[in-house]
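Colleague: First the structure, then my questions, so here it is.
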Amino acid sequence: MFSPALVKKFLRFAVPSVISMWIFSLYTMVDGLFVAKGVGELALASVNIAAPCTSALFSLGLLFAAGASTVTAILLGQGKQEEACCVFTQNILTVAAISLVVTVLTLLNLDRVVAFLGATDSTREYVRQYVATIACFAPFFTVSYNLEVLVKTGGAPHVSTIGVTSCALINVALDALFVLGFGWGVWGAALATGIAQVTSTVIFLLYFLGGRRKLFFRPFRWNGSVFCRILPIGLADAVTELSAGAVTFLFNHAILRHIGEGGLVSYTVIAYLNTLVLMTMTGLAQGMQPLVSYHLGKGERRTCHRLLGLALTTAGALALLSFLLCQTGGRQVFTLFLGEESQLLGESVQALRIFSLSFLLLGFNVVAAAFFAAVERPGFSFPLSTGRGLVVIAACLMILPEIWGENGVWMAPAVSEGICLALGLLFFLLYFRRLPQREEQGMGALSRDFSV
């Protein structure tokens, strides 16, 4: 059984993380809704084509944040607060500097980026406006997400919720003003999103600058070797985060080949729902991760395994709920974006019902990859994240449409997640077999936890 104290601790971190991810997912959906109503279906598809850029920025932030979160949590668990704060400060400054480089490179190669994303003649100018505006705010995207993860490691998950909620409210309000009020269209939607990220960055910085915390900014001596530890750990979570954008990119190209431009509109709404489910599982994983690393640092591996059991059980329940809602409520969602008279409505609902099969498996893979990162097993976490986020889904999108046509496009995520599920189970088998003899009791505890 899970002890009440452990459940309470897990929920204290997981619930704010999930809420933060939900808010992020919902305000991106609202972003698309305003564009659809204020500009039209082609503009909505354009925002979806540009979406991988936003995912790439968040992924860059998480690449450093997840590893830094693990390292600082272990250091805090070992009572090495000064070292943890040095890692924290160096990490934030490095992310900010790299993001500025990303901004410059994107603006200098804007037309190439737009073409690479797959913009068509009718969507090219919309995509160009959106990408150029988002690129100007790149440092705020990466630093904000970095701080949002680390504020939980510092023991204040509620601040994460405050920051993300404020960001969402600002984004929705400015969307209404810029897109519907001023008629600024796609450019206005991107500007609203960028200003919202500035807001959350300021909130998180005020927290870390507001007195001595578990983590705070302090002078440090540059230590580049720490990134040899941070980056391999963060790579798995970064790929998980990037997977939403990567899958969107791959789907856009597959849809243009096998379905046509109308399929891009349908997939835009499906991608919003996919992001909502993925962010739910990512929130659970991020809530679990600092706790697992902290208890690992204290040598309490049995507790790490119980936290894994809690996360997987919760992910399974939410995955089933997500699947059932997509099977029964898809028409209402598409009507909200496309209207009752849209010719794409029936095909879109059917596509969602097939696509949502992947939701049943997605949670296990995301949580498993995060757990392996938290216990410093990047050799397990990275292949799992890369497989489900890039390699396997790309292969499925190349092969399945040739076999099943249009339905093969929508079935690809479920097949990909199933393959990665098998890979994850293999990694867990290897992980528990390699544990020292004195720690094998942890596996028994995990088995008992799963019986709940």
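Residue names in the structure tokens use chain letters A, B, ... in the order shown, residue numbers from 1 in each chain, and ligand numbers from 1 in the order shown.
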Listing only residues of range 326-389 of chain A within 10 Å of range 303-313 of chain A, what is the closest atom pair and its distance in Å (to one decimal) for each, using only C-alpha atoms, sorted by chain and residue number ascending, as a tab-separated table?
Modeller:
```
residue	atom	partner	partner_atom	distance
A:Gly363	CA	A:Leu312	CA	7.4
A:Phe364	CA	A:Leu312	CA	6.1
A:Asn365	CA	A:Leu312	CA	9.4
A:Val366	CA	A:Leu312	CA	9.5
A:Val367	CA	A:Leu312	CA	6.6
A:Ala368	CA	A:Leu308	CA	8.0
A:Ala370	CA	A:Leu308	CA	9.5
A:Phe371	CA	A:Leu308	CA	6.8
A:Phe372	CA	A:Leu308	CA	9.9
A:Ala374	CA	A:Cys304	CA	9.2
A:Val375	CA	A:Cys304	CA	8.4
```
Colleague: May I have the residues within 10 Å of range 174-176 of chain A as a PyMOL selection string, using only C-alpha atoms and disregarding those fewer than 6 positions away in the same chain?
Modeller: chain A and resi 27+30-35+38+168+182-186+188-193+195-196
Colleague: Hey, can you spit out that residue selection with all heavy atoms as a compact mmCIF listing (two decimals), in the first residue's frame?
Modeller:
```txt
# COMPACT_ATOMS: atom_id res chain seq x y z
N TYR A 27 -4.23 27.36 -22.58
CA TYR A 27 -4.11 28.69 -23.18
C TYR A 27 -3.55 28.61 -24.60
O TYR A 27 -3.80 29.51 -25.41
CB TYR A 27 -3.35 29.65 -22.27
CG TYR A 27 -1.84 29.72 -22.34
CD1 TYR A 27 -1.17 30.18 -23.48
CD2 TYR A 27 -1.07 29.41 -21.22
CE1 TYR A 27 0.19 30.30 -23.51
CE2 TYR A 27 0.31 29.52 -21.24
CZ TYR A 27 0.93 29.98 -22.40
OH TYR A 27 2.30 30.10 -22.42
N VAL A 30 -6.73 28.11 -26.48
CA VAL A 30 -7.46 29.37 -26.59
C VAL A 30 -6.80 30.26 -27.64
O VAL A 30 -7.47 30.97 -28.40
CB VAL A 30 -7.50 30.07 -25.21
CG1 VAL A 30 -8.07 31.49 -25.34
CG2 VAL A 30 -8.36 29.26 -24.25
N ASP A 31 -5.46 30.22 -27.70
CA ASP A 31 -4.72 30.95 -28.72
C ASP A 31 -5.23 30.57 -30.11
O ASP A 31 -5.54 31.43 -30.94
CB ASP A 31 -3.23 30.60 -28.58
CG ASP A 31 -2.32 31.72 -29.06
OD1 ASP A 31 -2.74 32.88 -29.00
OD2 ASP A 31 -1.19 31.41 -29.49
N GLY A 32 -5.33 29.26 -30.35
CA GLY A 32 -5.83 28.79 -31.63
C GLY A 32 -7.28 29.15 -31.86
O GLY A 32 -7.69 29.45 -32.99
N LEU A 33 -8.07 29.13 -30.80
CA LEU A 33 -9.48 29.46 -30.93
C LEU A 33 -9.68 30.91 -31.38
O LEU A 33 -10.49 31.20 -32.26
CB LEU A 33 -10.19 29.22 -29.59
CG LEU A 33 -11.70 29.48 -29.54
CD1 LEU A 33 -12.41 28.57 -30.53
CD2 LEU A 33 -12.22 29.25 -28.13
N PHE A 34 -8.92 31.83 -30.79
CA PHE A 34 -9.03 33.23 -31.17
C PHE A 34 -8.60 33.43 -32.63
O PHE A 34 -9.22 34.20 -33.37
CB PHE A 34 -8.17 34.11 -30.26
CG PHE A 34 -8.86 34.47 -28.96
CD1 PHE A 34 -8.37 34.01 -27.75
CD2 PHE A 34 -9.98 35.28 -28.96
CE1 PHE A 34 -8.99 34.33 -26.57
CE2 PHE A 34 -10.61 35.63 -27.78
CZ PHE A 34 -10.11 35.14 -26.58
N VAL A 35 -7.53 32.74 -33.04
CA VAL A 35 -7.07 32.86 -34.42
C VAL A 35 -8.11 32.31 -35.38
O VAL A 35 -8.38 32.90 -36.43
CB VAL A 35 -5.71 32.12 -34.60
CG1 VAL A 35 -5.35 32.01 -36.07
CG2 VAL A 35 -4.61 32.84 -33.84
N GLY A 38 -10.98 34.83 -35.31
CA GLY A 38 -10.63 36.18 -35.75
C GLY A 38 -10.05 36.27 -37.14
O GLY A 38 -10.11 37.32 -37.78
N ALA A 168 -1.05 32.44 -18.34
CA ALA A 168 -2.22 32.05 -19.12
C ALA A 168 -3.25 33.17 -19.19
O ALA A 168 -3.80 33.46 -20.27
CB ALA A 168 -2.84 30.80 -18.52
N PHE A 182 -7.94 44.59 -31.91
CA PHE A 182 -7.12 45.39 -32.82
C PHE A 182 -7.02 44.80 -34.23
O PHE A 182 -6.55 45.47 -35.15
CB PHE A 182 -5.70 45.55 -32.25
CG PHE A 182 -5.64 46.32 -30.96
CD1 PHE A 182 -4.50 46.28 -30.18
CD2 PHE A 182 -6.71 47.10 -30.54
CE1 PHE A 182 -4.42 46.99 -28.99
CE2 PHE A 182 -6.65 47.83 -29.34
CZ PHE A 182 -5.50 47.76 -28.57
N GLY A 183 -7.44 43.52 -34.39
CA GLY A 183 -7.37 42.90 -35.70
C GLY A 183 -5.96 42.62 -36.18
O GLY A 183 -5.68 42.65 -37.38
N TRP A 184 -5.05 42.32 -35.25
CA TRP A 184 -3.65 42.08 -35.60
C TRP A 184 -3.39 40.65 -36.07
O TRP A 184 -2.27 40.32 -36.44
CB TRP A 184 -2.75 42.39 -34.41
CG TRP A 184 -2.65 43.87 -34.12
CD1 TRP A 184 -3.14 44.88 -34.90
CD2 TRP A 184 -2.03 44.48 -32.99
NE1 TRP A 184 -2.86 46.10 -34.33
CE2 TRP A 184 -2.18 45.89 -33.14
CE3 TRP A 184 -1.37 44.01 -31.87
CZ2 TRP A 184 -1.68 46.80 -32.22
CZ3 TRP A 184 -0.87 44.91 -30.94
CH2 TRP A 184 -1.02 46.29 -31.11
N GLY A 185 -4.39 39.79 -36.03
CA GLY A 185 -4.30 38.46 -36.60
C GLY A 185 -3.25 37.57 -35.95
O GLY A 185 -3.04 37.59 -34.73
N VAL A 186 -2.56 36.79 -36.79
CA VAL A 186 -1.59 35.82 -36.31
C VAL A 186 -0.44 36.51 -35.58
O VAL A 186 0.05 36.03 -34.55
CB VAL A 186 -1.05 34.98 -37.49
CG1 VAL A 186 0.13 34.11 -37.06
CG2 VAL A 186 -2.16 34.09 -38.05
N GLY A 188 -0.58 39.24 -33.87
CA GLY A 188 -1.07 39.63 -32.56
C GLY A 188 -1.11 38.47 -31.59
O GLY A 188 -0.80 38.62 -30.39
N ALA A 189 -1.49 37.29 -32.08
CA ALA A 189 -1.53 36.10 -31.22
C ALA A 189 -0.13 35.75 -30.73
O ALA A 189 0.07 35.40 -29.56
CB ALA A 189 -2.14 34.92 -31.97
N ALA A 190 0.85 35.82 -31.61
CA ALA A 190 2.23 35.53 -31.22
C ALA A 190 2.75 36.57 -30.22
O ALA A 190 3.45 36.23 -29.25
CB ALA A 190 3.13 35.50 -32.45
N LEU A 191 2.42 37.82 -30.43
CA LEU A 191 2.84 38.88 -29.51
C LEU A 191 2.23 38.67 -28.13
O LEU A 191 2.91 38.84 -27.10
CB LEU A 191 2.43 40.25 -30.06
CG LEU A 191 2.80 41.46 -29.21
CD1 LEU A 191 4.32 41.57 -29.08
CD2 LEU A 191 2.22 42.74 -29.82
N ALA A 192 0.96 38.28 -28.08
CA ALA A 192 0.31 38.01 -26.80
C ALA A 192 1.01 36.88 -26.06
O ALA A 192 1.23 36.95 -24.84
CB ALA A 192 -1.17 37.65 -27.04
N THR A 193 1.38 35.82 -26.78
CA THR A 193 2.08 34.69 -26.17
C THR A 193 3.44 35.12 -25.63
O THR A 193 3.85 34.73 -24.53
CB THR A 193 2.26 33.56 -27.20
OG1 THR A 193 0.96 33.16 -27.67
CG2 THR A 193 2.96 32.37 -26.58
N ILE A 195 4.48 38.20 -24.67
CA ILE A 195 4.34 39.06 -23.50
C ILE A 195 3.94 38.24 -22.27
O ILE A 195 4.39 38.51 -21.14
CB ILE A 195 3.29 40.17 -23.78
CG1 ILE A 195 3.82 41.12 -24.86
CG2 ILE A 195 2.96 40.94 -22.50
CD1 ILE A 195 2.82 42.16 -25.31
N ALA A 196 3.12 37.22 -22.47
CA ALA A 196 2.72 36.35 -21.36
C ALA A 196 3.94 35.64 -20.77
O ALA A 196 4.05 35.48 -19.54
CB ALA A 196 1.70 35.33 -21.83
```
Colleague: With 8 Å as the cut-off and only C-alpha atoms counted, what is the closest atom pair between each nearby residue of range 214-290 of chain A and range 112-125 of chain A? Distances in Å to one decimal, ordered by chain and number, as a Markdown table.
Modeller:
```
| residue | atom | partner | partner_atom | distance |
| --- | --- | --- | --- | --- |
| A:Phe249 | CA | A:Leu117 | CA | 6.6 |
| A:Asn252 | CA | A:Gly118 | CA | 7.2 |
| A:His253 | CA | A:Gly118 | CA | 6.6 |
```
Colleague: Just want the 9 Å neighbourhood of range 93-102 of chain A, counted on only C-alpha atoms, with same-chain residues fewer than 6 positions away dropped. Output as a list in words.
Modeller: Leu57, Leu60, Gly61, Phe64, Ala135, Cys136, Ala138, Pro139, Phe140, Phe141, Thr142, Val143 and Asn146 of chain A
Colleague: Nearest to Thr161 in chain A among A:Gly283, A:Lys8, A:Leu426, A:Gln332, with distances taken over only C-alpha atoms: which residue is it?
Modeller: A:Gly283
Colleague: Which neighbours of range 404-414 of chain A fall inside 7 Å, counting only C-alpha atoms, when residues of the same chain fewer than 2 positions from it are skipped, and could you give them as a list in words?
Modeller: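 Using only C-alpha atoms, the neighbours found are His258, Ile259, Ala351, Ile354, Phe355, Leu357, Ser358, Ile393, Cys396, Leu397, Leu400, Pro401, Glu402, Ser416, Glu417 and Gly418 of chain A.
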Colleague: List the spatial neighbours of range 338-342 of chain A as a list of chain:residue names - criterion: any atom at most 10 Å away, only C-alpha atoms, same-chain residues fewer than 6 positions off excluded.
Modeller: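 Non-adjacent residues within range: A:Leu33, A:Ala36, A:Lys37, A:Gly40, A:Glu41, A:Leu44, A:Val265, A:Ser266, A:Val269, A:Arg331, A:Gln332.
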Colleague: Env of Met279 in chain A: 9 Å cut, atoms = only C-alpha atoms, seq-sep filter 3 positions within chain, self excluded. Answer as a VMD selection string.
Modeller: chain A and resid 18 20 to 22 24 to 25 241 274 to 276 282 to 284
Colleague: Provide the CA of His158 in chain A to CA of Ala369 in chain A distance in Å, to one decimal place.
Modeller: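 Between CA of His158 in chain A and CA of Ala369 in chain A the gap is 24.5 Å.
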Colleague: Measuring between only C-alpha atoms, which one of A:Leu150, A:Ala132, A:Leu110, A:Val7 shows the shortest distance to Gln289 in chain A?
Modeller: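 Checking each of A:Leu150, A:Ala132, A:Leu110, A:Val7 against Gln289 in chain A, counting only C-alpha atoms, the winner is A:Leu150.
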Colleague: Under the rule that only C-alpha atoms are counted, which of A:Thr89, A:Ser225, A:Ser3, A:Thr153 is the nearest residue to Ala66 in chain A?
Modeller: A:Thr153
Colleague: For Val71 in chain A, please output as a count of residues only all residues within 12 Å (counting only C-alpha atoms; exclusion window: fewer than 2 positions along the same chain).
Modeller: 45
Colleague: Taking into account only C-alpha atoms, which residue in the set A:Tyr207, A:Phe137, A:Phe251, A:Tyr145 is nearest to Gln286 in chain A?
Modeller: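 Closest candidate: A:Tyr145.
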Colleague: When you draw a straight line from CA of Thr72 in chain A to CA of Ala246 in chain A, how long is it in Å?
Modeller: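 Straight-line distance from CA of Thr72 in chain A to CA of Ala246 in chain A works out to 28.9 Å.
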Colleague: Report, in Å with one decimal, the straight-line distance from CA of Thr386 in chain A to CA of Ser55 in chain A.
Modeller: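 Separation between CA of Thr386 in chain A and CA of Ser55 in chain A: 15.0 Å.
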Colleague: Nearest residue to Phe337 in chain A out of A:Val239, A:Ile270, A:Ala56, A:Leu318, using only C-alpha atoms?
Modeller: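 Using only C-alpha atoms, Phe337 in chain A sits closest to A:Ile270.
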Colleague: Let me make sure I understand: among A:Val39, A:Leu344, A:Leu360, A:Val198, which one has the smallest atom-to-atom distance to Leu320 in chain A if we use only C-alpha atoms?
Modeller: A:Leu360
Colleague: What are the DSSP helix (DSSP H, G or I) residues of range 180-369 of chain A, as a VMD selection string?
Modeller: chain A and resid 180 to 181 185 to 208 224 to 258 261 to 297 301 to 338 345 to 369
